[in-house]
Each structure stands twice: as structure tokens, then as C-alpha cells.
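**Student:** Quick one, final.pdb (PDB, C-alpha atoms and all ligand atoms):
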```pdb
MODEL        1
ATOM      1  CA  MET K   1     242.575  58.960 113.835
ATOM      2  CA  LYS K   2     244.088  62.325 114.527
ATOM      3  CA  GLY K   3     241.837  64.695 112.620
ATOM      4  CA  ILE K   4     243.295  67.614 110.693
ATOM      5  CA  ILE K   5     239.997  69.444 110.384
ATOM      6  CA  MET K   6     237.904  69.915 113.526
ATOM      7  CA  LEU K   7     234.910  67.581 113.233
ATOM      8  CA  LYS K   8     231.540  69.171 114.014
ATOM      9  CA  PHE K   9     228.610  67.581 115.872
ATOM     10  CA  PHE K  10     225.207  68.805 117.032
ATOM     11  CA  VAL K  11     223.642  67.734 120.334
ATOM     12  CA  LYS K  12     220.450  68.361 122.265
ATOM     13  CA  ASN K  13     220.741  70.662 125.274
ATOM     14  CA  GLU K  14     220.147  67.746 127.678
ATOM     15  CA  GLN K  15     223.329  66.036 126.402
ATOM     16  CA  VAL K  16     225.389  68.894 127.834
ATOM     17  CA  ASN K  17     226.025  68.400 131.538
ATOM     18  CA  GLU K  18     228.370  70.996 133.079
ATOM     19  CA  GLU K  19     231.819  70.038 131.699
ATOM     20  CA  ILE K  20     230.676  66.833 129.985
ATOM     21  CA  ILE K  21     228.870  66.240 126.698
ATOM     22  CA  GLU K  22     227.551  62.769 125.832
ATOM     23  CA  ILE K  23     227.285  61.966 122.155
ATOM     24  CA  ILE K  24     224.758  59.208 121.517
ATOM     25  CA  GLY K  25     222.891  57.382 118.732
ATOM     26  CA  GLN K  26     223.927  57.553 115.070
ATOM     27  CA  ASP K  27     226.638  60.135 115.694
ATOM     28  CA  ALA K  28     228.270  57.993 118.406
ATOM     29  CA  LYS K  29     228.171  54.930 116.146
ATOM     30  CA  HIS K  30     229.619  56.916 113.231
ATOM     31  CA  MET K  31     232.432  58.269 115.404
ATOM     32  CA  GLN K  32     233.443  54.802 116.564
ATOM     33  CA  LYS K  33     232.719  52.543 113.575
ATOM     34  CA  VAL K  34     233.357  54.815 110.573
ATOM     35  CA  LEU K  35     235.565  57.668 111.710
ATOM     36  CA  ARG K  36     237.366  55.421 114.222
ATOM     37  CA  LEU K  37     238.017  58.374 116.485
ATOM     38  CA  GLU K  38     240.259  57.918 119.502
ATOM     39  CA  VAL K  39     240.407  59.315 123.016
ATOM     40  CA  GLY K  40     241.999  62.750 122.857
ATOM     41  CA  GLU K  41     240.432  63.692 119.517
ATOM     42  CA  ILE K  42     239.302  67.356 119.474
ATOM     43  CA  LEU K  43     235.739  68.111 118.288
ATOM     44  CA  ASN K  44     233.503  71.114 117.787
ATOM     45  CA  ILE K  45     230.050  70.543 119.362
ATOM     46  CA  THR K  46     227.019  72.867 119.130
ATOM     47  CA  ASP K  47     223.869  72.505 121.220
ATOM     48  CA  GLU K  48     220.300  73.563 120.405
ATOM     49  CA  SER K  49     220.853  76.989 121.962
ATOM     50  CA  ARG K  50     223.632  77.547 119.432
ATOM     51  CA  ASN K  51     226.374  77.366 122.105
ATOM     52  CA  THR K  52     229.519  75.910 120.561
ATOM     53  CA  TYR K  53     232.172  74.068 122.586
ATOM     54  CA  LYS K  54     235.653  72.849 121.780
ATOM     55  CA  CYS K  55     235.800  69.362 123.312
ATOM     56  CA  SER K  56     238.054  66.368 123.580
ATOM     57  CA  ILE K  57     236.958  62.747 123.654
ATOM     58  CA  VAL K  58     237.658  61.252 127.085
ATOM     59  CA  GLU K  59     235.888  57.885 126.904
ATOM     60  CA  PHE K  60     233.871  55.451 124.766
ATOM     61  CA  LYS K  61     231.250  53.875 127.021
ATOM     62  CA  ASP K  62     228.148  51.740 126.173
ATOM     63  CA  GLU K  63     227.763  53.154 122.653
ATOM     64  CA  LYS K  64     228.226  56.670 123.974
ATOM     65  CA  VAL K  65     231.126  59.008 123.338
ATOM     66  CA  ILE K  66     231.957  61.025 126.428
ATOM     67  CA  CYS K  67     233.541  64.408 125.707
ATOM     68  CA  ASN K  68     235.051  66.973 128.005
ATOM     69  CA  ILE K  69     234.407  70.658 127.293
ATOM     70  CA  LEU K  70     237.739  72.438 126.888
ATOM     71  CA  GLU K  71     236.377  75.890 126.108
ATOM     72  CA  ASN K  72     233.396  77.765 124.728
ATOM     73  CA  VAL K  73     233.859  78.794 121.123
ATOM     74  CA  GLU K  74     232.682  82.139 119.873
ATOM     75  CA  GLU K  75     231.301  80.969 116.550
ATOM     76  CA  ASP K  76     228.400  82.461 114.735
ATOM     77  CA  ASN K  77     228.179  81.173 111.197
ATOM     78  CA  GLU K  78     224.544  82.107 110.790
ATOM     79  CA  ASN K  79     223.029  84.808 108.586
ATOM     80  CA  LYS K  80     221.726  87.893 110.377
ATOM     81  CA  ILE K  81     218.539  87.681 108.306
ATOM     82  CA  ASN K  82     216.299  84.603 108.351
ATOM     83  CA  ILE K  83     215.437  83.216 104.934
ATOM     84  CA  SER K  84     212.688  80.595 104.645
ATOM     85  CA  LEU K  85     212.694  78.608 101.416
ATOM     86  CA  PHE K  86     209.271  77.585 100.087
ATOM     87  CA  GLN K  87     210.458  75.073  97.500
ATOM     88  CA  CYS K  88     207.902  73.502  95.204
ATOM     89  CA  LEU K  89     208.598  69.779  95.006
ATOM     90  CA  ALA K  90     211.090  68.943  92.292
ATOM     91  CA  LYS K  91     212.342  65.527  91.239
ATOM     92  CA  PHE K  92     213.861  63.892  94.291
ATOM     93  CA  ASP K  93     217.552  64.074  93.423
ATOM     94  CA  LYS K  94     217.016  67.785  92.748
ATOM     95  CA  MET K  95     215.296  68.244  96.123
ATOM     96  CA  ASP K  96     218.249  66.578  97.866
ATOM     97  CA  TYR K  97     220.580  68.940  96.040
ATOM     98  CA  ILE K  98     218.472  72.039  96.785
ATOM     99  CA  ILE K  99     218.252  71.182 100.512
ATOM    100  CA  GLN K 100     222.004  70.633 100.710
ATOM    101  CA  LYS K 101     222.925  73.874  98.880
ATOM    102  CA  ALA K 102     220.333  75.984 100.668
ATOM    103  CA  THR K 103     221.721  74.705 104.001
ATOM    104  CA  GLU K 104     225.245  75.654 102.962
ATOM    105  CA  LEU K 105     223.936  79.104 102.060
ATOM    106  CA  GLY K 106     222.530  79.566 105.555
ATOM    107  CA  ILE K 107     218.803  79.005 104.977
ATOM    108  CA  TYR K 108     216.752  79.188 108.187
ATOM    109  CA  ASP K 109     214.101  76.604 107.312
ATOM    110  CA  VAL K 110     212.567  74.878 104.288
ATOM    111  CA  TYR K 111     208.899  74.288 103.466
ATOM    112  CA  PRO K 112     208.550  71.634 100.735
ATOM    113  CA  VAL K 113     205.500  72.782  98.721
ATOM    114  CA  SER K 114     203.071  70.704  96.681
ATOM    115  CA  SER K 115     201.756  72.935  93.875
ATOM    116  CA  LYS K 116     199.577  72.368  90.798
ATOM    117  CA  ARG K 117     202.356  71.526  88.355
ATOM    118  CA  VAL K 118     204.493  69.397  90.655
ATOM    119  CA  VAL K 119     205.238  66.180  88.756
ATOM    120  CA  VAL K 120     206.380  64.038  91.687
ATOM    121  CA  LYS K 121     203.622  62.149  93.459
ATOM    122  CA  LEU K 122     203.929  61.515  97.210
ATOM    123  CA  ASP K 123     201.398  59.864  99.511
ATOM    124  CA  GLU K 124     201.274  60.855 103.208
ATOM    125  CA  LYS K 125     203.756  58.132 104.194
ATOM    126  CA  GLY K 126     206.054  59.106 101.349
ATOM    127  CA  LYS K 127     205.969  62.753 102.463
ATOM    128  CA  VAL K 128     207.018  61.831 106.017
ATOM    129  CA  LYS K 129     209.877  59.656 104.743
ATOM    130  CA  LYS K 130     211.081  62.326 102.346
ATOM    131  CA  VAL K 131     211.060  65.030 105.036
ATOM    132  CA  GLU K 132     213.101  62.726 107.314
ATOM    133  CA  ARG K 133     215.580  62.197 104.467
ATOM    134  CA  TRP K 134     215.840  65.905 103.723
ATOM    135  CA  GLN K 135     216.293  66.692 107.423
ATOM    136  CA  ALA K 136     219.234  64.235 107.567
ATOM    137  CA  ILE K 137     220.745  65.822 104.436
ATOM    138  CA  SER K 138     220.398  69.257 105.985
ATOM    139  CA  LYS K 139     222.031  68.085 109.239
ATOM    140  CA  GLU K 140     225.023  66.622 107.367
ATOM    141  CA  ALA K 141     225.376  69.771 105.256
ATOM    142  CA  ALA K 142     225.183  71.936 108.401
ATOM    143  CA  LYS K 143     227.984  69.880 109.972
ATOM    144  CA  GLN K 144     230.128  70.069 106.848
ATOM    145  CA  CYS K 145     229.855  73.855 106.525
ATOM    146  CA  LYS K 146     230.253  74.406 110.273
ATOM    147  CA  ARG K 147     226.904  76.027 110.918
ATOM    148  CA  THR K 148     225.764  76.664 114.463
ATOM    149  CA  TYR K 149     222.180  75.788 113.596
ATOM    150  CA  ILE K 150     220.484  72.994 111.658
ATOM    151  CA  PRO K 151     217.685  74.311 109.411
ATOM    152  CA  GLU K 152     214.299  72.718 110.060
ATOM    153  CA  ILE K 153     212.726  70.909 107.111
ATOM    154  CA  LYS K 154     209.009  71.383 107.619
ATOM    155  CA  ASN K 155     206.242  68.979 106.649
ATOM    156  CA  VAL K 156     205.071  69.225 103.045
ATOM    157  CA  ILE K 157     202.446  71.965 102.598
ATOM    158  CA  PHE K 158     200.167  72.977  99.726
ATOM    159  CA  LEU K 159     200.920  76.226  97.939
ATOM    160  CA  LYS K 160     197.706  77.784  99.283
ATOM    161  CA  ASP K 161     199.016  77.155 102.844
ATOM    162  CA  ILE K 162     201.698  79.783 102.238
ATOM    163  CA  CYS K 163     198.877  82.353 102.548
ATOM    164  CA  ASN K 164     198.544  81.545 106.281
ATOM    165  CA  LEU K 165     202.269  82.120 106.748
ATOM    166  CA  VAL K 166     202.516  85.462 104.906
ATOM    167  CA  PRO K 167     202.147  87.591 108.103
ATOM    168  CA  LYS K 168     205.249  85.853 109.542
ATOM    169  CA  TYR K 169     207.478  87.547 106.964
ATOM    170  CA  ASP K 170     208.613  91.116 106.362
ATOM    171  CA  ILE K 171     208.740  90.266 102.689
ATOM    172  CA  ILE K 172     208.069  87.254 100.480
ATOM    173  CA  LEU K 173     209.790  87.034  97.094
ATOM    174  CA  VAL K 174     208.194  84.815  94.463
ATOM    175  CA  ALA K 175     210.662  83.923  91.714
ATOM    176  CA  TYR K 176     208.582  84.331  88.548
ATOM    177  CA  GLU K 177     210.112  84.308  85.092
ATOM    178  CA  ASN K 178     207.122  86.054  83.508
ATOM    179  CA  ASP K 179     207.547  89.134  85.664
ATOM    180  CA  LYS K 180     210.409  91.493  84.964
ATOM    181  CA  SER K 181     210.449  93.221  88.357
ATOM    182  CA  SER K 182     213.999  93.831  89.433
ATOM    183  CA  LEU K 183     215.082  91.854  92.509
ATOM    184  CA  LYS K 184     217.734  94.464  93.238
ATOM    185  CA  LYS K 185     215.189  97.267  93.245
ATOM    186  CA  VAL K 186     212.817  95.409  95.562
ATOM    187  CA  LEU K 187     215.571  94.516  98.023
ATOM    188  CA  GLN K 188     217.137  97.983  97.993
ATOM    189  CA  GLU K 189     213.774  99.639  98.595
ATOM    190  CA  MET K 190     212.869  97.288 101.442
ATOM    191  CA  LYS K 191     216.313  96.703 102.903
ATOM    192  CA  GLN K 192     215.981  98.739 106.108
ATOM    193  CA  ASN K 193     213.383  96.848 108.063
ATOM    194  CA  ILE K 194     213.803  93.277 106.903
ATOM    195  CA  GLN K 195     214.606  90.429 109.259
ATOM    196  CA  ASN K 196     212.449  87.572 107.942
ATOM    197  CA  ILE K 197     212.326  86.822 104.230
ATOM    198  CA  GLY K 198     210.339  84.077 102.534
ATOM    199  CA  ILE K 199     211.283  82.953  99.035
ATOM    200  CA  VAL K 200     209.030  80.860  96.791
ATOM    201  CA  ILE K 201     210.511  78.793  93.958
ATOM    202  CA  GLY K 202     208.340  76.964  91.458
ATOM    203  CA  PRO K 203     208.681  73.329  90.323
ATOM    204  CA  GLU K 204     210.075  72.161  86.996
ATOM    205  CA  GLY K 205     206.690  72.897  85.419
ATOM    206  CA  GLY K 206     206.523  76.403  86.844
ATOM    207  CA  PHE K 207     203.636  78.176  88.604
ATOM    208  CA  ASP K 208     200.057  78.095  87.441
ATOM    209  CA  GLU K 209     198.718  81.630  86.780
ATOM    210  CA  SER K 210     196.121  81.119  89.519
ATOM    211  CA  GLU K 211     198.918  80.403  92.020
ATOM    212  CA  ILE K 212     200.716  83.611  91.139
ATOM    213  CA  LYS K 213     197.431  85.512  91.513
ATOM    214  CA  LEU K 214     196.820  83.900  94.921
ATOM    215  CA  LEU K 215     200.260  84.850  96.235
ATOM    216  CA  ASN K 216     200.420  88.272  94.629
ATOM    217  CA  GLN K 217     197.380  89.562  96.489
ATOM    218  CA  TYR K 218     199.431  90.342  99.604
ATOM    219  CA  GLU K 219     201.169  93.669 100.133
ATOM    220  CA  ASN K 220     204.444  92.109 101.315
ATOM    221  CA  VAL K 221     204.636  89.623  98.455
ATOM    222  CA  TYR K 222     206.742  90.609  95.440
ATOM    223  CA  LEU K 223     207.205  88.797  92.134
ATOM    224  CA  VAL K 224     210.832  89.032  91.078
ATOM    225  CA  SER K 225     212.826  88.128  88.018
ATOM    226  CA  LEU K 226     216.084  86.198  88.187
ATOM    227  CA  GLY K 227     217.142  87.405  84.746
ATOM    228  CA  ASN K 228     216.098  86.762  81.151
ATOM    229  CA  ARG K 229     216.999  83.098  81.027
ATOM    230  CA  ILE K 230     214.815  80.255  82.291
ATOM    231  CA  LEU K 231     216.661  78.699  85.234
ATOM    232  CA  ARG K 232     216.190  75.155  86.490
ATOM    233  CA  THR K 233     214.384  75.145  89.786
ATOM    234  CA  GLU K 234     217.536  74.189  91.664
ATOM    235  CA  THR K 235     219.462  77.014  90.002
ATOM    236  CA  ALA K 236     216.710  79.494  90.828
ATOM    237  CA  SER K 237     216.828  78.612  94.564
ATOM    238  CA  ILE K 238     220.576  79.035  94.785
ATOM    239  CA  SER K 239     220.536  82.193  92.670
ATOM    240  CA  LEU K 240     217.845  83.912  94.728
ATOM    241  CA  ILE K 241     219.377  83.011  98.103
ATOM    242  CA  SER K 242     222.833  84.119  96.952
ATOM    243  CA  ASN K 243     221.559  87.443  95.621
ATOM    244  CA  ILE K 244     219.778  88.150  98.903
ATOM    245  CA  LEU K 245     222.919  87.331 100.908
ATOM    246  CA  TYR K 246     224.939  89.661  98.699
ATOM    247  CA  GLU K 247     222.425  92.504  98.976
ATOM    248  CA  PHE K 248     222.326  92.144 102.767
ATOM    249  CA  ASP K 249     226.143  92.052 103.049
ATOM    250  CA  GLU K 250     226.076  88.527 104.423
ATOM    251  CA  ILE K 251     228.909  87.601 102.049
TER     252      ILE K 251
HETATM  253  N1  LIG O 301     208.207  78.320  83.231
HETATM  254  C1  LIG O 301     209.467  77.600  83.186
HETATM  255  C2  LIG O 301     209.781  77.134  81.767
HETATM  256  O1  LIG O 301     209.255  77.783  80.882
HETATM  257  O2  LIG O 301     210.523  76.166  81.616
HETATM  258  C3  LIG O 301     209.405  76.397  84.088
HETATM  259  C4  LIG O 301     209.707  76.758  85.517
HETATM  260  S1  LIG O 301     211.411  76.964  85.911
HETATM  261  C5  LIG O 301     212.123  75.548  85.280
HETATM  262  C6  LIG O 301     211.354  76.597  87.645
HETATM  263  C7  LIG O 301     211.178  77.773  88.585
HETATM  264  O3  LIG O 301     212.395  78.502  88.659
HETATM  265  C8  LIG O 301     210.144  78.773  88.190
HETATM  266  O4  LIG O 301     208.862  78.378  88.589
HETATM  267  C9  LIG O 301     210.619  80.014  88.932
HETATM  268  O5  LIG O 301     210.213  79.946  90.294
HETATM  269  C10 LIG O 301     212.124  79.890  88.842
HETATM  270  N2  LIG O 301     212.701  80.603  87.715
HETATM  271  C11 LIG O 301     213.331  80.067  86.647
HETATM  272  N3  LIG O 301     213.813  81.039  85.833
HETATM  273  C12 LIG O 301     213.469  82.229  86.406
HETATM  274  C13 LIG O 301     213.658  83.600  86.062
HETATM  275  N4  LIG O 301     214.326  83.972  84.959
HETATM  276  N5  LIG O 301     213.144  84.563  86.862
HETATM  277  C14 LIG O 301     212.454  84.218  87.988
HETATM  278  N6  LIG O 301     212.245  82.932  88.384
HETATM  279  C15 LIG O 301     212.746  81.948  87.596
ENDMDL
END
```
Please lay out the structure from this file as C-alpha cells.
Ligand code: SAM
**Tutor:**
Amino acid sequence: MKGIIMLKFFVKNEQVNEEIIEIIGQDAKHMQKVLRLEVGEILNITDESRNTYKCSIVEFKDEKVICNILENVEEDNENKINISLFQCLAKFDKMDYIIQKATELGIYDVYPVSSKRVVVKLDEKGKVKKVERWQAISKEAAKQCKRTYIPEIKNVIFLKDICNLVPKYDIILVAYENDKSSLKKVLQEMKQNIQNIGIVIGPEGGFDESEIKLLNQYENVYLVSLGNRILRTETASISLISNILYEFDEI
């Protein structure tokens, strides 16, 4: 199949060996069985150190796809600022959607959060399986939008665990419909020295007052409004990420 668009794959650093890259596992199977790629096909391959290579397929051998590096590609499709999404667990199709859209919007990593009003119930095994699923969704979305980095989907945490992570961030924005603080004002005031932003989005049932109180005790945590309407949780995530990208001239 002679591709029109340049297909994108991600590999581990150890799969890159001087001029050769070996694609293995699911990706190799997909290339042969589904995409039916042929020798000579040109691909775009990024390793864990975010090096991107233009490659051509030279051989299919023992369920591996052997590619030859043609040239390094200067490609940096990542945001300059790192945004971590603390997303309270929503119904599963919504979580899939949120993970996919947040990946397309350049999110750095995602913490699925179990909070008081989360309606979905997950046991430990269920949490592990869901995180694996969301990680696969994020990888596919990263390929589709030609990112040079696959966001990490973290293990599910409790809302109170965010408190231990607060020092990691220059600023944490909690999307809270009962607070009318202007997002624009907060971002414009803080814009200079921000590299790492955390954003916290509530579940369908919203935040419990005690959760807002817990988060709002920190100096670098700000409650922000996303306007006068009540947004669905998936809309709120996309809206907040997009507004941050706009304010930081990432788009
Ligand atoms: N309290 C909401 C209600 O009355 O339906 C339920 C929560 S809303 C569906 C889901 C989440 O989206 C909220 O917890 C909040 O994080 C975010 N959100 C929705 N609308 C918002 C707004 N206007 N301003 C800030 N955050 C908002």
C-alpha cells in the first residue's frame, strides 16, 4: 500500500540501532496484517527521547518490520508548557473521549482521579485495566496527530493525593463553576514564570465543598470559572486546555 500520508510510529530507544529501527509487537502485526504495508513504504518514527526519523521499510522478518533511517526529522509538535490533567473519573465512554482529545491538545500526562461524587465504581483490577485502555487510546491519538511524545496515563489516584503533587506545579487551576474568578486574569497575572500547569476537572456530579476547601488551601492553586454555563466534564477539560494554549500562544 503506497501511503499518501506519512504513517507515524513510536519505538523504545533500544529499537533504534544506528541506521536500523526494528518495529515489533502490536505495531509490527498491524503494519503487516491490517495496513498491509510493503517494502519501500516511508514512515515517521519517534523514539522515547523524542528523536524523529524518516524511514523506509526494508524487510519483514519474524514478525518484525525492519526499517532503514533515511534522515532525522526536525519535528517538535509538543507544547512549550507542560499541562497535567487531573480528571475526575467520568463515565467510561467520556473518559475515552477526554483522553483522546486531551492528547490531541498536547497534554503532558493524565491523572485519573477518584473523588467523592464519582459515580463509576472501579476495583483495583478494574483500575489497572482502564489505565491500560486509556494509555492505548492516548498512544493512538498521539500517532494520529503526529505528536513526538505519548502522554503518560498515571494510575488512578484519590483527590486528596493531588495535595502531595501540588509542589510539582507552578500553578494548579481547579475548574469550579461556583467561583467566578476569571481564568484570563489568573493566567495573565501568572504568565511569566509558568512551565508546569496542573488542571483539575470535576466529575459529572461536581466537586464536594470539602474537596474545594482541601485544594484551595495552597498558594499556587486557583479556582477558575469557565463561563456562566454548566459544562459537561468532557467539555470543561477541552475548554480549559484550549484556553491555556491560546493564552500561552501555543496555537
Ligand atoms: N455542578 C455541576 C452541575 O451543577 O451540573 C456538575 C459538575 S460539571 C457537570 C463537571 C465539572 O466541569 C465541574 O466539576 C467543573 O470541574 C467543570 N465545570 C463545568 N462547568 C464549569 C464552569 N462554568 N466553570 C468552571 N468549571 C466548570
**Student:** Identify all residues satisfying the PyMOL selection byres (((chain K and resi 223) around 9) and not hetatm) in the given file; provide them as a list of chain:residue names.
**Tutor:**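 So the PyMOL selection byres (((chain K and resi 223) around 9) and not hetatm) ends up selecting K:Ile172, K:Leu173, K:Val174, K:Ala175, K:Tyr176, K:Glu177, K:Asp179, K:Lys180, K:Ser181, K:Ser182, K:Leu183, K:Ile212, K:Leu215, K:Asn216, K:Val221, K:Tyr222, K:Val224, K:Ser225.
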**Student:** Give me, as a tab-separated table, each residue of chain K that comes within 12 Å of ligand LIG 301 (chain O), together with its shortest interatomic pair and the distance in Å at one decimal, counting all atoms listed in the file, with rows ordered by chain and rising residue number.
**Tutor:**
```
residue	atom	partner	partner_atom	distance
K:Leu85	CA	O:LIG301	O5	11.5
K:Phe86	CA	O:LIG301	O5	10.1
K:Gln87	CA	O:LIG301	O5	8.7
K:Cys88	CA	O:LIG301	O4	8.3
K:Leu89	CA	O:LIG301	C6	10.4
K:Ala90	CA	O:LIG301	C6	9.0
K:Lys91	CA	O:LIG301	C5	11.7
K:Lys94	CA	O:LIG301	C6	11.7
K:Ser115	CA	O:LIG301	O4	10.4
K:Lys116	CA	O:LIG301	O4	11.3
K:Arg117	CA	O:LIG301	O4	9.5
K:Val118	CA	O:LIG301	O4	10.2
K:Val119	CA	O:LIG301	C4	11.9
K:Leu173	CA	O:LIG301	O5	9.8
K:Val174	CA	O:LIG301	O5	6.7
K:Ala175	CA	O:LIG301	N6	3.8
K:Tyr176	CA	O:LIG301	C14	3.9
K:Glu177	CA	O:LIG301	N5	3.5
K:Asn178	CA	O:LIG301	N5	7.1
K:Asp179	CA	O:LIG301	C14	7.3
K:Lys180	CA	O:LIG301	N5	7.7
K:Ser181	CA	O:LIG301	N5	9.2
K:Ser182	CA	O:LIG301	N5	9.7
K:Leu183	CA	O:LIG301	C14	9.3
K:Ile199	CA	O:LIG301	O5	9.3
K:Val200	CA	O:LIG301	O5	6.7
K:Ile201	CA	O:LIG301	O5	3.9
K:Gly202	CA	O:LIG301	O4	3.2
K:Pro203	CA	O:LIG301	C6	5.0
K:Glu204	CA	O:LIG301	C5	4.3
K:Gly205	CA	O:LIG301	C3	4.6
K:Gly206	CA	O:LIG301	C4	3.5
K:Phe207	CA	O:LIG301	O4	5.2
K:Asp208	CA	O:LIG301	O4	8.9
K:Glu209	CA	O:LIG301	N1	10.7
K:Glu211	CA	O:LIG301	O4	10.7
K:Ile212	CA	O:LIG301	O4	10.0
K:Tyr222	CA	O:LIG301	C14	11.4
K:Leu223	CA	O:LIG301	C14	8.1
K:Val224	CA	O:LIG301	C14	5.9
K:Ser225	CA	O:LIG301	N5	3.8
K:Leu226	CA	O:LIG301	N5	3.6
K:Gly227	CA	O:LIG301	N4	4.4
K:Asn228	CA	O:LIG301	N4	5.0
K:Arg229	CA	O:LIG301	N4	4.8
K:Ile230	CA	O:LIG301	N3	3.8
K:Leu231	CA	O:LIG301	N3	3.7
K:Arg232	CA	O:LIG301	C5	4.3
K:Thr233	CA	O:LIG301	C6	4.0
K:Glu234	CA	O:LIG301	O3	7.4
K:Thr235	CA	O:LIG301	O3	7.3
K:Ala236	CA	O:LIG301	O3	4.9
K:Ser237	CA	O:LIG301	O3	7.4
K:Ile238	CA	O:LIG301	O3	10.2
K:Ser239	CA	O:LIG301	C15	9.3
K:Leu240	CA	O:LIG301	N6	8.5
```
**Student:** On this structure, which residues satisfy the PyMOL selection byres (((chain K and resi 65) around 10) and not hetatm), written as number ranges by chain?
**Tutor:** K: 21-25, 27-29, 31-32, 37-39, 57-64, 66-67
**Student:** Go ahead and write the residues just picked, C-alpha atoms, as a PDB file, keeping the file's coordinate frame.
**Tutor:**
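File written: selection-v8.pdb
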```pdb
ATOM      1  CA  ILE K  21     228.870  66.240 126.698  1.00  0.00           C
ATOM      2  CA  GLU K  22     227.551  62.769 125.832  1.00  0.00           C
ATOM      3  CA  ILE K  23     227.285  61.966 122.155  1.00  0.00           C
ATOM      4  CA  ILE K  24     224.758  59.208 121.517  1.00  0.00           C
ATOM      5  CA  GLY K  25     222.891  57.382 118.732  1.00  0.00           C
ATOM      6  CA  ASP K  27     226.638  60.135 115.694  1.00  0.00           C
ATOM      7  CA  ALA K  28     228.270  57.993 118.406  1.00  0.00           C
ATOM      8  CA  LYS K  29     228.171  54.930 116.146  1.00  0.00           C
ATOM      9  CA  MET K  31     232.432  58.269 115.404  1.00  0.00           C
ATOM     10  CA  GLN K  32     233.443  54.802 116.564  1.00  0.00           C
ATOM     11  CA  LEU K  37     238.017  58.374 116.485  1.00  0.00           C
ATOM     12  CA  GLU K  38     240.259  57.918 119.502  1.00  0.00           C
ATOM     13  CA  VAL K  39     240.407  59.315 123.016  1.00  0.00           C
ATOM     14  CA  ILE K  57     236.958  62.747 123.654  1.00  0.00           C
ATOM     15  CA  VAL K  58     237.658  61.252 127.085  1.00  0.00           C
ATOM     16  CA  GLU K  59     235.888  57.885 126.904  1.00  0.00           C
ATOM     17  CA  PHE K  60     233.871  55.451 124.766  1.00  0.00           C
ATOM     18  CA  LYS K  61     231.250  53.875 127.021  1.00  0.00           C
ATOM     19  CA  ASP K  62     228.148  51.740 126.173  1.00  0.00           C
ATOM     20  CA  GLU K  63     227.763  53.154 122.653  1.00  0.00           C
ATOM     21  CA  LYS K  64     228.226  56.670 123.974  1.00  0.00           C
ATOM     22  CA  ILE K  66     231.957  61.025 126.428  1.00  0.00           C
ATOM     23  CA  CYS K  67     233.541  64.408 125.707  1.00  0.00           C
TER      24      CYS K  67
END
```
**Student:** Nearest to K:Val186 among K:Arg147, K:Ile244, K:Val120, K:Lys168, with distances taken over all atoms listed in the file: which residue is it?
**Tutor:** K:Ile244
**Student:** With a distance cut-off of 10 Å and only C-alpha atoms, select the neighbouring residues of K:Asp249, excluding the residue or stretch itself and same-chain residues fewer than 4 positions from it, and output the selection as a compact mmCIF listing (two decimals) with C-alpha atoms, in the coordinates of the input.
**Tutor:**
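What landed in around12.txt:
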```
# COMPACT_ATOMS: atom_id res chain seq x y z
CA ASN K 79 223.03 84.81 108.59
CA LYS K 80 221.73 87.89 110.38
CA ASN K 243 221.56 87.44 95.62
CA ILE K 244 219.78 88.15 98.90
CA LEU K 245 222.92 87.33 100.91
```
**Student:** Skipping near chain neighbours, those fewer than 6 positions away, what residues fall within 10 Å of stretch 95-111 of chain K using all atoms listed in the file, listed as a CSV table (one decimal) with C-alpha atoms, in the frame of the given file?
**Tutor:**
```
chain,number,residue,atom,x,y,z
K,77,ASN,CA,228.2,81.2,111.2
K,78,GLU,CA,224.5,82.1,110.8
K,79,ASN,CA,223.0,84.8,108.6
K,80,LYS,CA,221.7,87.9,110.4
K,81,ILE,CA,218.5,87.7,108.3
K,82,ASN,CA,216.3,84.6,108.4
K,83,ILE,CA,215.4,83.2,104.9
K,84,SER,CA,212.7,80.6,104.6
K,85,LEU,CA,212.7,78.6,101.4
K,86,PHE,CA,209.3,77.6,100.1
K,87,GLN,CA,210.5,75.1,97.5
K,88,CYS,CA,207.9,73.5,95.2
K,89,LEU,CA,208.6,69.8,95.0
K,130,LYS,CA,211.1,62.3,102.3
K,131,VAL,CA,211.1,65.0,105.0
K,133,ARG,CA,215.6,62.2,104.5
K,134,TRP,CA,215.8,65.9,103.7
K,135,GLN,CA,216.3,66.7,107.4
K,136,ALA,CA,219.2,64.2,107.6
K,137,ILE,CA,220.7,65.8,104.4
K,138,SER,CA,220.4,69.3,106.0
K,139,LYS,CA,222.0,68.1,109.2
K,140,GLU,CA,225.0,66.6,107.4
K,141,ALA,CA,225.4,69.8,105.3
K,142,ALA,CA,225.2,71.9,108.4
K,143,LYS,CA,228.0,69.9,110.0
K,144,GLN,CA,230.1,70.1,106.8
K,145,CYS,CA,229.9,73.9,106.5
K,146,LYS,CA,230.3,74.4,110.3
K,147,ARG,CA,226.9,76.0,110.9
K,148,THR,CA,225.8,76.7,114.5
K,149,TYR,CA,222.2,75.8,113.6
K,150,ILE,CA,220.5,73.0,111.7
K,151,PRO,CA,217.7,74.3,109.4
K,152,GLU,CA,214.3,72.7,110.1
K,153,ILE,CA,212.7,70.9,107.1
K,154,LYS,CA,209.0,71.4,107.6
K,155,ASN,CA,206.2,69.0,106.6
K,156,VAL,CA,205.1,69.2,103.0
K,157,ILE,CA,202.4,72.0,102.6
K,158,PHE,CA,200.2,73.0,99.7
K,159,LEU,CA,200.9,76.2,97.9
K,162,ILE,CA,201.7,79.8,102.2
K,196,ASN,CA,212.4,87.6,107.9
K,197,ILE,CA,212.3,86.8,104.2
K,198,GLY,CA,210.3,84.1,102.5
K,199,ILE,CA,211.3,83.0,99.0
K,200,VAL,CA,209.0,80.9,96.8
K,233,THR,CA,214.4,75.1,89.8
K,234,GLU,CA,217.5,74.2,91.7
K,235,THR,CA,219.5,77.0,90.0
K,236,ALA,CA,216.7,79.5,90.8
K,237,SER,CA,216.8,78.6,94.6
K,238,ILE,CA,220.6,79.0,94.8
K,241,ILE,CA,219.4,83.0,98.1
K,242,SER,CA,222.8,84.1,97.0
K,245,LEU,CA,222.9,87.3,100.9
K,250,GLU,CA,226.1,88.5,104.4
K,251,ILE,CA,228.9,87.6,102.0
```
**Student:** Here is a test: counting all atoms listed in the file, which residue of K:Glu74, K:Glu14, K:Asp170, K:Gln188 is nearest to K:Tyr246?
**Tutor:**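 Distance minimum relative to K:Tyr246 lands on K:Gln188.
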**Student:** In Å to one decimal, how far is atom CA of K:Lys127 from atom CA of K:Phe10?
**Tutor:** 24.9 Å
